[in-house]
Amino acid sequence: MTPNQPPPYQPPEPSRTPGAGDGGGHGHAHGHSHGHGPAAPVSQHLRKVIAAILIPFAAAVLIGLAVLWPGGAPAHERTGVGFDRQTQHATVTKVVEVSCQSVNASGGVPTGDTSTAEGSSAQQQADGTCKKATIRVDTGDDKGRTFNEIVQPDQSRQLSEGQEVVVAYEPSAPEDLQYSVTDVNRRFPLALLAGIFALAVVAVGRLRGVMALVALAISFLVLNFFILPAILQGSNPLVVAVVGASAIMLIALYLCHGLSARTSVAVLGTLISLLLIGVLGSVFIGWAALTGNTDDNTGLIHGLYPGIDMSGLLLAGVIIGSLGVLDDVTVTQTSAVWELHEANPSTGRRGLYRAGIRIGRDHIASVVNTLVLAYAGAALPLLLLFSIAQSGVGTVTNSELVAEEIVRTLIGSIGLVASVPVTTALAALVVSADRPTAQGHGPAQAQGTGQTPDARPAAGRGGRGRRRKR
């Protein structure tokens, strides 16, 4: 070997003396990670350890799916209330303006106090101009049938000619009152928005984006065909949520990120965090005496299926709602630790953990804020009502409606915060534990590349870096 061999072999490396071999090894591992899925391999022993943990867990999830599989939602008599109504699609064919006084049943001038909401509405109905809409039923046995509906001037939803609507059908009502408009048909704009979302995901994510969409579709299938029907069949909502969320987690993570040790660490971190959320949820939902029956929808569910544990349903919602954000946190933290190790394979588990936690702190701040704002946005009308009522903070937070959201938010946030150190520690242990397999490879690799071990400041480091090319 001549002294002038290394420069032509590694021309771009002079400014990276401490990690010359690392650069080559990292470049290969990085390309492998993003091009084919799995990151740099870990030792065979660690693969066996991870498999010994995850294979029984996956088997338990499959057994749970088989035992709890509902076979469809149980039938019941329609109540005609809320979403439990027969509906058809229809189109507004004609809209004309008419005098409210001529079409309202009372026909008299209201005598209520117009300073109140009820009095003001009655006055508008008496003096204002209403709309008489002719609506044609487009689906069902009565396709082509038309009926009229009066739209009051103070109604939030005004009808226009050509508008597609959803109508409710009540067969026991008088013939002229059997149909009524309940909502606007939003299928086309929602489908268009979903298409734009899918195109954006595929355009940016490419194959990973396609896999993410497939995982999303599978998640909806699990939710629609397992979780919801199983709860309606009377199974424990907490057990159903744990089994269903675990199935979604396994399918989504491995489908999107590949079957690798890196993904397995993210699965373990997510599982531990979900268990923590389940334990905290069980304790504090029971301690705070939250019934889960706080609005018309939950009241209707409880009326139709009295056997459902509504507080358990609340806890199931907390677990499922936290799963998506947990996946994001655990995958990000695992990838961060893996990349830190690839950049400097000589870093020990403590160094990797400290560096990963520094990254995780930024992630925690943004994710917790996102979760809190998401729940606050969903409960914004409720918060407005309390603001209008000028209730004290103590009164507002003590009400079950708000307390339920507070418990849901805080429990989910605690699980997210805990997932960062847990996943970072697991990733640091796994990625740094396969060092022994690199022993003896340094000199051989150096000879294979035309370099002596003495030509590099850290032969062991370079040996490990280049070992990953195999």
# chains A, B, ... in the order shown; residues from 1 in each chain; ligands from 1
$ residues_around --residues "range 87-91 of chain A" --least-positions-apart "2" --cutoff "10 Å" --atoms "only C-alpha atoms" --output "PyMOL selection string"
chain A and resi 80+83-85+93-94+134-146+160-170+179-185
$ residues_around --residues "Phe226 in chain A" --least-positions-apart "3" --cutoff "10 Å" --atoms "only C-alpha atoms" --output "JSON, numbers by chain"
{"A": [65, 68, 69, 70, 71, 72, 73, 220, 221, 222, 223, 229, 230, 231, 240, 241, 243, 244]}
$ write_last_selection --atoms "N, CA, C and O atoms" --output "PDB file, in the first residue's frame"
ATOM      1  N   LEU A  65     -59.111 -10.029  18.764  1.00  0.00           N
ATOM      2  CA  LEU A  65     -59.976  -9.735  17.617  1.00  0.00           C
ATOM      3  C   LEU A  65     -60.930 -10.888  17.334  1.00  0.00           C
ATOM      4  O   LEU A  65     -62.117 -10.682  17.051  1.00  0.00           O
ATOM      5  N   LEU A  68     -63.584 -11.183  20.366  1.00  0.00           N
ATOM      6  CA  LEU A  68     -64.512 -10.056  20.483  1.00  0.00           C
ATOM      7  C   LEU A  68     -65.182  -9.677  19.181  1.00  0.00           C
ATOM      8  O   LEU A  68     -66.014  -8.763  19.174  1.00  0.00           O
ATOM      9  N   TRP A  69     -64.830 -10.359  18.077  1.00  0.00           N
ATOM     10  CA  TRP A  69     -65.386  -9.946  16.784  1.00  0.00           C
ATOM     11  C   TRP A  69     -66.909  -9.984  16.824  1.00  0.00           C
ATOM     12  O   TRP A  69     -67.505 -11.010  17.126  1.00  0.00           O
ATOM     13  N   PRO A  70     -67.581  -8.881  16.507  1.00  0.00           N
ATOM     14  CA  PRO A  70     -69.022  -8.786  16.743  1.00  0.00           C
ATOM     15  C   PRO A  70     -69.890  -9.389  15.655  1.00  0.00           C
ATOM     16  O   PRO A  70     -71.016  -9.823  15.926  1.00  0.00           O
ATOM     17  N   GLY A  71     -69.413  -9.378  14.411  1.00  0.00           N
ATOM     18  CA  GLY A  71     -70.251  -9.890  13.335  1.00  0.00           C
ATOM     19  C   GLY A  71     -71.359  -8.920  12.941  1.00  0.00           C
ATOM     20  O   GLY A  71     -72.402  -9.330  12.432  1.00  0.00           O
ATOM     21  N   GLY A  72     -71.172  -7.651  13.187  1.00  0.00           N
ATOM     22  CA  GLY A  72     -72.178  -6.649  12.811  1.00  0.00           C
ATOM     23  C   GLY A  72     -72.852  -6.048  14.019  1.00  0.00           C
ATOM     24  O   GLY A  72     -72.908  -6.657  15.095  1.00  0.00           O
ATOM     25  N   ALA A  73     -73.390  -4.845  13.848  1.00  0.00           N
ATOM     26  CA  ALA A  73     -74.075  -4.156  14.948  1.00  0.00           C
ATOM     27  C   ALA A  73     -75.444  -4.773  15.180  1.00  0.00           C
ATOM     28  O   ALA A  73     -76.120  -5.188  14.232  1.00  0.00           O
ATOM     29  N   PHE A 220     -59.865   2.845   9.523  1.00  0.00           N
ATOM     30  CA  PHE A 220     -61.305   3.078   9.463  1.00  0.00           C
ATOM     31  C   PHE A 220     -62.083   1.771   9.419  1.00  0.00           C
ATOM     32  O   PHE A 220     -63.163   1.645  10.005  1.00  0.00           O
ATOM     33  N   LEU A 221     -61.549   0.774   8.716  1.00  0.00           N
ATOM     34  CA  LEU A 221     -62.211  -0.529   8.660  1.00  0.00           C
ATOM     35  C   LEU A 221     -62.260  -1.182  10.040  1.00  0.00           C
ATOM     36  O   LEU A 221     -63.291  -1.736  10.440  1.00  0.00           O
ATOM     37  N   VAL A 222     -61.137  -1.122  10.767  1.00  0.00           N
ATOM     38  CA  VAL A 222     -61.115  -1.690  12.123  1.00  0.00           C
ATOM     39  C   VAL A 222     -62.104  -0.960  13.020  1.00  0.00           C
ATOM     40  O   VAL A 222     -62.845  -1.575  13.799  1.00  0.00           O
ATOM     41  N   LEU A 223     -62.138   0.360  12.895  1.00  0.00           N
ATOM     42  CA  LEU A 223     -63.059   1.151  13.711  1.00  0.00           C
ATOM     43  C   LEU A 223     -64.507   0.829  13.374  1.00  0.00           C
ATOM     44  O   LEU A 223     -65.346   0.659  14.278  1.00  0.00           O
ATOM     45  N   PRO A 229     -69.116  -1.916  16.392  1.00  0.00           N
ATOM     46  CA  PRO A 229     -70.087  -3.000  16.602  1.00  0.00           C
ATOM     47  C   PRO A 229     -69.834  -3.801  17.873  1.00  0.00           C
ATOM     48  O   PRO A 229     -70.783  -4.224  18.535  1.00  0.00           O
ATOM     49  N   ALA A 230     -68.552  -4.015  18.226  1.00  0.00           N
ATOM     50  CA  ALA A 230     -68.254  -4.785  19.439  1.00  0.00           C
ATOM     51  C   ALA A 230     -68.762  -4.061  20.685  1.00  0.00           C
ATOM     52  O   ALA A 230     -69.290  -4.684  21.614  1.00  0.00           O
ATOM     53  N   ILE A 231     -68.606  -2.734  20.718  1.00  0.00           N
ATOM     54  CA  ILE A 231     -69.122  -1.969  21.856  1.00  0.00           C
ATOM     55  C   ILE A 231     -70.642  -2.040  21.900  1.00  0.00           C
ATOM     56  O   ILE A 231     -71.248  -2.211  22.965  1.00  0.00           O
ATOM     57  N   VAL A 240     -62.210  -3.528  24.234  1.00  0.00           N
ATOM     58  CA  VAL A 240     -62.365  -3.386  22.785  1.00  0.00           C
ATOM     59  C   VAL A 240     -61.432  -2.309  22.254  1.00  0.00           C
ATOM     60  O   VAL A 240     -60.781  -2.476  21.215  1.00  0.00           O
ATOM     61  N   ALA A 241     -61.354  -1.178  22.957  1.00  0.00           N
ATOM     62  CA  ALA A 241     -60.493  -0.082  22.511  1.00  0.00           C
ATOM     63  C   ALA A 241     -59.025  -0.488  22.532  1.00  0.00           C
ATOM     64  O   ALA A 241     -58.270  -0.150  21.616  1.00  0.00           O
ATOM     65  N   VAL A 243     -57.731  -3.580  22.286  1.00  0.00           N
ATOM     66  CA  VAL A 243     -57.475  -4.544  21.217  1.00  0.00           C
ATOM     67  C   VAL A 243     -57.505  -3.856  19.858  1.00  0.00           C
ATOM     68  O   VAL A 243     -56.620  -4.050  19.007  1.00  0.00           O
ATOM     69  N   GLY A 244     -58.534  -3.032  19.623  1.00  0.00           N
ATOM     70  CA  GLY A 244     -58.647  -2.347  18.336  1.00  0.00           C
ATOM     71  C   GLY A 244     -57.515  -1.372  18.094  1.00  0.00           C
ATOM     72  O   GLY A 244     -56.951  -1.315  16.991  1.00  0.00           O
TER      73      GLY A 244
END
$ select_by_dssp --residues "range 62-308 of chain A" --states "helix (DSSP H, G or I)" --output "number ranges by chain"
A: 62-68, 100-103, 117-127, 175-177, 187-232, 237-257, 261-287, 296-304
$ residues_around --residues "Thr270 in chain A" --least-positions-apart "4" --cutoff "8 Å" --atoms "only C-alpha atoms" --output "list of chain:residue names"
A:Ala266, A:Leu274, A:Leu323, A:Leu326, A:Asp327, A:Thr330, A:Ser419, A:Thr423
$ residues_around --residues "Ser335 in chain A" --least-positions-apart "3" --cutoff "9 Å" --atoms "only C-alpha atoms" --output "list of chain:residue names"
A:Ala39, A:Arg262, A:Thr263, A:Ala266, A:Thr330, A:Val331, A:Thr332, A:Trp338, A:Glu339, A:Leu340, A:Ala427
$ write_last_selection --atoms "C-alpha atoms" --output "tab-separated table (two decimals), in the first residue's frame"
chain	number	residue	atom	x	y	z
A	39	ALA	CA	-32.66	1.20	9.12
A	262	ARG	CA	-36.63	0.73	14.52
A	263	THR	CA	-40.38	0.27	13.93
A	266	ALA	CA	-41.73	2.64	18.18
A	330	THR	CA	-42.70	7.47	19.06
A	331	VAL	CA	-41.72	7.13	15.40
A	332	THR	CA	-40.04	10.54	15.43
A	338	TRP	CA	-31.22	5.93	15.10
A	339	GLU	CA	-29.92	8.81	13.02
A	340	LEU	CA	-27.85	10.13	15.93
A	427	ALA	CA	-34.26	3.20	21.17
$ closest_atom_pairs --of "range 245-284 of chain A" --to "range 196-208 of chain A" --cutoff "9 Å" --atoms "only C-alpha atoms" --output "Markdown table"
| residue | atom | partner | partner_atom | distance |
| --- | --- | --- | --- | --- |
| A:Leu255 | CA | A:Arg208 | CA | 8.9 |
| A:Cys256 | CA | A:Arg208 | CA | 6.0 |
| A:His257 | CA | A:Arg208 | CA | 7.8 |
$ write_last_selection --atoms "all heavy atoms" --output "PDB file, in the first residue's frame"
ATOM      1  N   LEU A 255     -46.792  -1.148   8.333  1.00  0.00           N
ATOM      2  CA  LEU A 255     -47.103  -0.926   6.927  1.00  0.00           C
ATOM      3  C   LEU A 255     -46.411   0.337   6.411  1.00  0.00           C
ATOM      4  O   LEU A 255     -45.904   0.368   5.293  1.00  0.00           O
ATOM      5  CB  LEU A 255     -48.618  -0.810   6.740  1.00  0.00           C
ATOM      6  CG  LEU A 255     -49.155  -0.811   5.309  1.00  0.00           C
ATOM      7  CD1 LEU A 255     -48.804  -2.119   4.610  1.00  0.00           C
ATOM      8  CD2 LEU A 255     -50.667  -0.611   5.301  1.00  0.00           C
ATOM      9  N   CYS A 256     -46.387   1.374   7.217  1.00  0.00           N
ATOM     10  CA  CYS A 256     -45.817   2.654   6.780  1.00  0.00           C
ATOM     11  C   CYS A 256     -44.301   2.696   6.914  1.00  0.00           C
ATOM     12  O   CYS A 256     -43.634   3.358   6.110  1.00  0.00           O
ATOM     13  CB  CYS A 256     -46.429   3.804   7.583  1.00  0.00           C
ATOM     14  SG  CYS A 256     -48.178   4.081   7.273  1.00  0.00           S
ATOM     15  N   HIS A 257     -43.737   2.035   7.925  1.00  0.00           N
ATOM     16  CA  HIS A 257     -42.316   2.201   8.226  1.00  0.00           C
ATOM     17  C   HIS A 257     -41.499   0.927   8.062  1.00  0.00           C
ATOM     18  O   HIS A 257     -40.284   0.949   8.299  1.00  0.00           O
ATOM     19  CB  HIS A 257     -42.154   2.734   9.656  1.00  0.00           C
ATOM     20  CG  HIS A 257     -42.895   4.012   9.898  1.00  0.00           C
ATOM     21  ND1 HIS A 257     -42.462   5.220   9.408  1.00  0.00           N
ATOM     22  CD2 HIS A 257     -44.056   4.269  10.548  1.00  0.00           C
ATOM     23  CE1 HIS A 257     -43.315   6.172   9.760  1.00  0.00           C
ATOM     24  NE2 HIS A 257     -44.289   5.621  10.447  1.00  0.00           N
TER      25      HIS A 257
END
$ atom_distance --atom1 "CA of Leu416 in chain A" --atom2 "CA of Ile277 in chain A"
8.9 Å
$ decode --residues "range 282-376 of chain A" --atoms "C-alpha atoms" --output "PDB file, in the first residue's frame"
ATOM      1  CA  SER A 282     -59.513   4.318  34.617  1.00  0.00           C
ATOM      2  CA  VAL A 283     -58.400   5.961  37.847  1.00  0.00           C
ATOM      3  CA  PHE A 284     -59.373   9.554  37.157  1.00  0.00           C
ATOM      4  CA  ILE A 285     -62.578   8.953  35.209  1.00  0.00           C
ATOM      5  CA  GLY A 286     -63.829   6.883  38.122  1.00  0.00           C
ATOM      6  CA  TRP A 287     -62.490   9.300  40.735  1.00  0.00           C
ATOM      7  CA  ALA A 288     -64.068  12.321  39.037  1.00  0.00           C
ATOM      8  CA  ALA A 289     -67.356  10.375  38.681  1.00  0.00           C
ATOM      9  CA  LEU A 290     -67.586  11.072  34.958  1.00  0.00           C
ATOM     10  CA  THR A 291     -70.535   9.187  33.483  1.00  0.00           C
ATOM     11  CA  GLY A 292     -69.761   9.827  29.801  1.00  0.00           C
ATOM     12  CA  ASN A 293     -73.460  10.631  29.270  1.00  0.00           C
ATOM     13  CA  THR A 294     -73.285  14.387  28.741  1.00  0.00           C
ATOM     14  CA  ASP A 295     -75.208  15.254  25.564  1.00  0.00           C
ATOM     15  CA  ASP A 296     -78.120  14.197  23.368  1.00  0.00           C
ATOM     16  CA  ASN A 297     -76.047  11.745  21.331  1.00  0.00           C
ATOM     17  CA  THR A 298     -74.653   9.848  24.315  1.00  0.00           C
ATOM     18  CA  GLY A 299     -78.100   9.950  25.906  1.00  0.00           C
ATOM     19  CA  LEU A 300     -79.599   8.373  22.784  1.00  0.00           C
ATOM     20  CA  ILE A 301     -76.911   5.671  22.763  1.00  0.00           C
ATOM     21  CA  HIS A 302     -77.601   4.897  26.414  1.00  0.00           C
ATOM     22  CA  GLY A 303     -81.342   4.777  25.720  1.00  0.00           C
ATOM     23  CA  LEU A 304     -80.966   2.391  22.784  1.00  0.00           C
ATOM     24  CA  TYR A 305     -78.295   0.206  24.413  1.00  0.00           C
ATOM     25  CA  PRO A 306     -78.599   0.456  28.218  1.00  0.00           C
ATOM     26  CA  GLY A 307     -75.955  -2.233  28.668  1.00  0.00           C
ATOM     27  CA  ILE A 308     -73.141  -0.049  27.316  1.00  0.00           C
ATOM     28  CA  ASP A 309     -70.768   1.259  29.977  1.00  0.00           C
ATOM     29  CA  MET A 310     -70.746   4.948  29.095  1.00  0.00           C
ATOM     30  CA  SER A 311     -67.769   5.786  31.322  1.00  0.00           C
ATOM     31  CA  GLY A 312     -65.889   2.931  29.653  1.00  0.00           C
ATOM     32  CA  LEU A 313     -66.890   4.396  26.307  1.00  0.00           C
ATOM     33  CA  LEU A 314     -65.360   7.703  27.400  1.00  0.00           C
ATOM     34  CA  LEU A 315     -62.111   5.955  28.311  1.00  0.00           C
ATOM     35  CA  ALA A 316     -62.109   4.090  24.999  1.00  0.00           C
ATOM     36  CA  GLY A 317     -62.386   7.427  23.220  1.00  0.00           C
ATOM     37  CA  VAL A 318     -59.402   8.771  25.154  1.00  0.00           C
ATOM     38  CA  ILE A 319     -57.254   5.783  24.144  1.00  0.00           C
ATOM     39  CA  ILE A 320     -58.225   5.845  20.474  1.00  0.00           C
ATOM     40  CA  GLY A 321     -57.913   9.633  20.293  1.00  0.00           C
ATOM     41  CA  SER A 322     -54.393   9.541  21.717  1.00  0.00           C
ATOM     42  CA  LEU A 323     -53.145   6.767  19.432  1.00  0.00           C
ATOM     43  CA  GLY A 324     -52.573   8.877  16.319  1.00  0.00           C
ATOM     44  CA  VAL A 325     -50.449  11.488  18.074  1.00  0.00           C
ATOM     45  CA  LEU A 326     -48.567   8.788  20.009  1.00  0.00           C
ATOM     46  CA  ASP A 327     -47.555   7.109  16.740  1.00  0.00           C
ATOM     47  CA  ASP A 328     -46.120  10.389  15.524  1.00  0.00           C
ATOM     48  CA  VAL A 329     -44.114  10.986  18.712  1.00  0.00           C
ATOM     49  CA  THR A 330     -42.705   7.471  19.057  1.00  0.00           C
ATOM     50  CA  VAL A 331     -41.716   7.127  15.400  1.00  0.00           C
ATOM     51  CA  THR A 332     -40.035  10.540  15.433  1.00  0.00           C
ATOM     52  CA  GLN A 333     -38.089   9.828  18.613  1.00  0.00           C
ATOM     53  CA  THR A 334     -36.976   6.402  17.437  1.00  0.00           C
ATOM     54  CA  SER A 335     -35.820   7.783  14.097  1.00  0.00           C
ATOM     55  CA  ALA A 336     -33.968  10.614  15.836  1.00  0.00           C
ATOM     56  CA  VAL A 337     -32.004   8.208  18.051  1.00  0.00           C
ATOM     57  CA  TRP A 338     -31.220   5.928  15.097  1.00  0.00           C
ATOM     58  CA  GLU A 339     -29.921   8.810  13.022  1.00  0.00           C
ATOM     59  CA  LEU A 340     -27.847  10.127  15.928  1.00  0.00           C
ATOM     60  CA  HIS A 341     -26.251   6.707  16.246  1.00  0.00           C
ATOM     61  CA  GLU A 342     -25.608   6.535  12.509  1.00  0.00           C
ATOM     62  CA  ALA A 343     -23.949   9.967  12.595  1.00  0.00           C
ATOM     63  CA  ASN A 344     -21.666   8.914  15.458  1.00  0.00           C
ATOM     64  CA  PRO A 345     -21.675   5.182  16.191  1.00  0.00           C
ATOM     65  CA  SER A 346     -19.240   5.635  19.106  1.00  0.00           C
ATOM     66  CA  THR A 347     -21.885   7.453  21.186  1.00  0.00           C
ATOM     67  CA  GLY A 348     -23.051   5.331  24.099  1.00  0.00           C
ATOM     68  CA  ARG A 349     -26.607   4.792  25.250  1.00  0.00           C
ATOM     69  CA  ARG A 350     -26.452   7.671  27.736  1.00  0.00           C
ATOM     70  CA  GLY A 351     -25.220  10.107  25.104  1.00  0.00           C
ATOM     71  CA  LEU A 352     -27.899   8.941  22.682  1.00  0.00           C
ATOM     72  CA  TYR A 353     -30.571   9.290  25.349  1.00  0.00           C
ATOM     73  CA  ARG A 354     -29.505  12.824  26.269  1.00  0.00           C
ATOM     74  CA  ALA A 355     -29.386  13.925  22.637  1.00  0.00           C
ATOM     75  CA  GLY A 356     -32.727  12.261  21.897  1.00  0.00           C
ATOM     76  CA  ILE A 357     -34.381  13.884  24.908  1.00  0.00           C
ATOM     77  CA  ARG A 358     -33.196  17.306  23.763  1.00  0.00           C
ATOM     78  CA  ILE A 359     -34.995  16.691  20.481  1.00  0.00           C
ATOM     79  CA  GLY A 360     -37.994  15.279  22.335  1.00  0.00           C
ATOM     80  CA  ARG A 361     -38.443  18.363  24.509  1.00  0.00           C
ATOM     81  CA  ASP A 362     -39.177  20.461  21.443  1.00  0.00           C
ATOM     82  CA  HIS A 363     -41.548  17.774  20.216  1.00  0.00           C
ATOM     83  CA  ILE A 364     -43.357  17.652  23.557  1.00  0.00           C
ATOM     84  CA  ALA A 365     -43.986  21.398  23.584  1.00  0.00           C
ATOM     85  CA  SER A 366     -45.526  21.415  20.111  1.00  0.00           C
ATOM     86  CA  VAL A 367     -47.519  18.174  20.418  1.00  0.00           C
ATOM     87  CA  VAL A 368     -49.091  18.973  23.794  1.00  0.00           C
ATOM     88  CA  ASN A 369     -50.088  22.414  22.565  1.00  0.00           C
ATOM     89  CA  THR A 370     -51.574  20.812  19.453  1.00  0.00           C
ATOM     90  CA  LEU A 371     -53.590  18.329  21.487  1.00  0.00           C
ATOM     91  CA  VAL A 372     -54.947  20.939  23.897  1.00  0.00           C
ATOM     92  CA  LEU A 373     -55.920  23.290  21.086  1.00  0.00           C
ATOM     93  CA  ALA A 374     -57.575  20.447  19.181  1.00  0.00           C
ATOM     94  CA  TYR A 375     -59.818  19.613  22.138  1.00  0.00           C
ATOM     95  CA  ALA A 376     -60.460  23.305  22.826  1.00  0.00           C
TER      96      ALA A 376
END
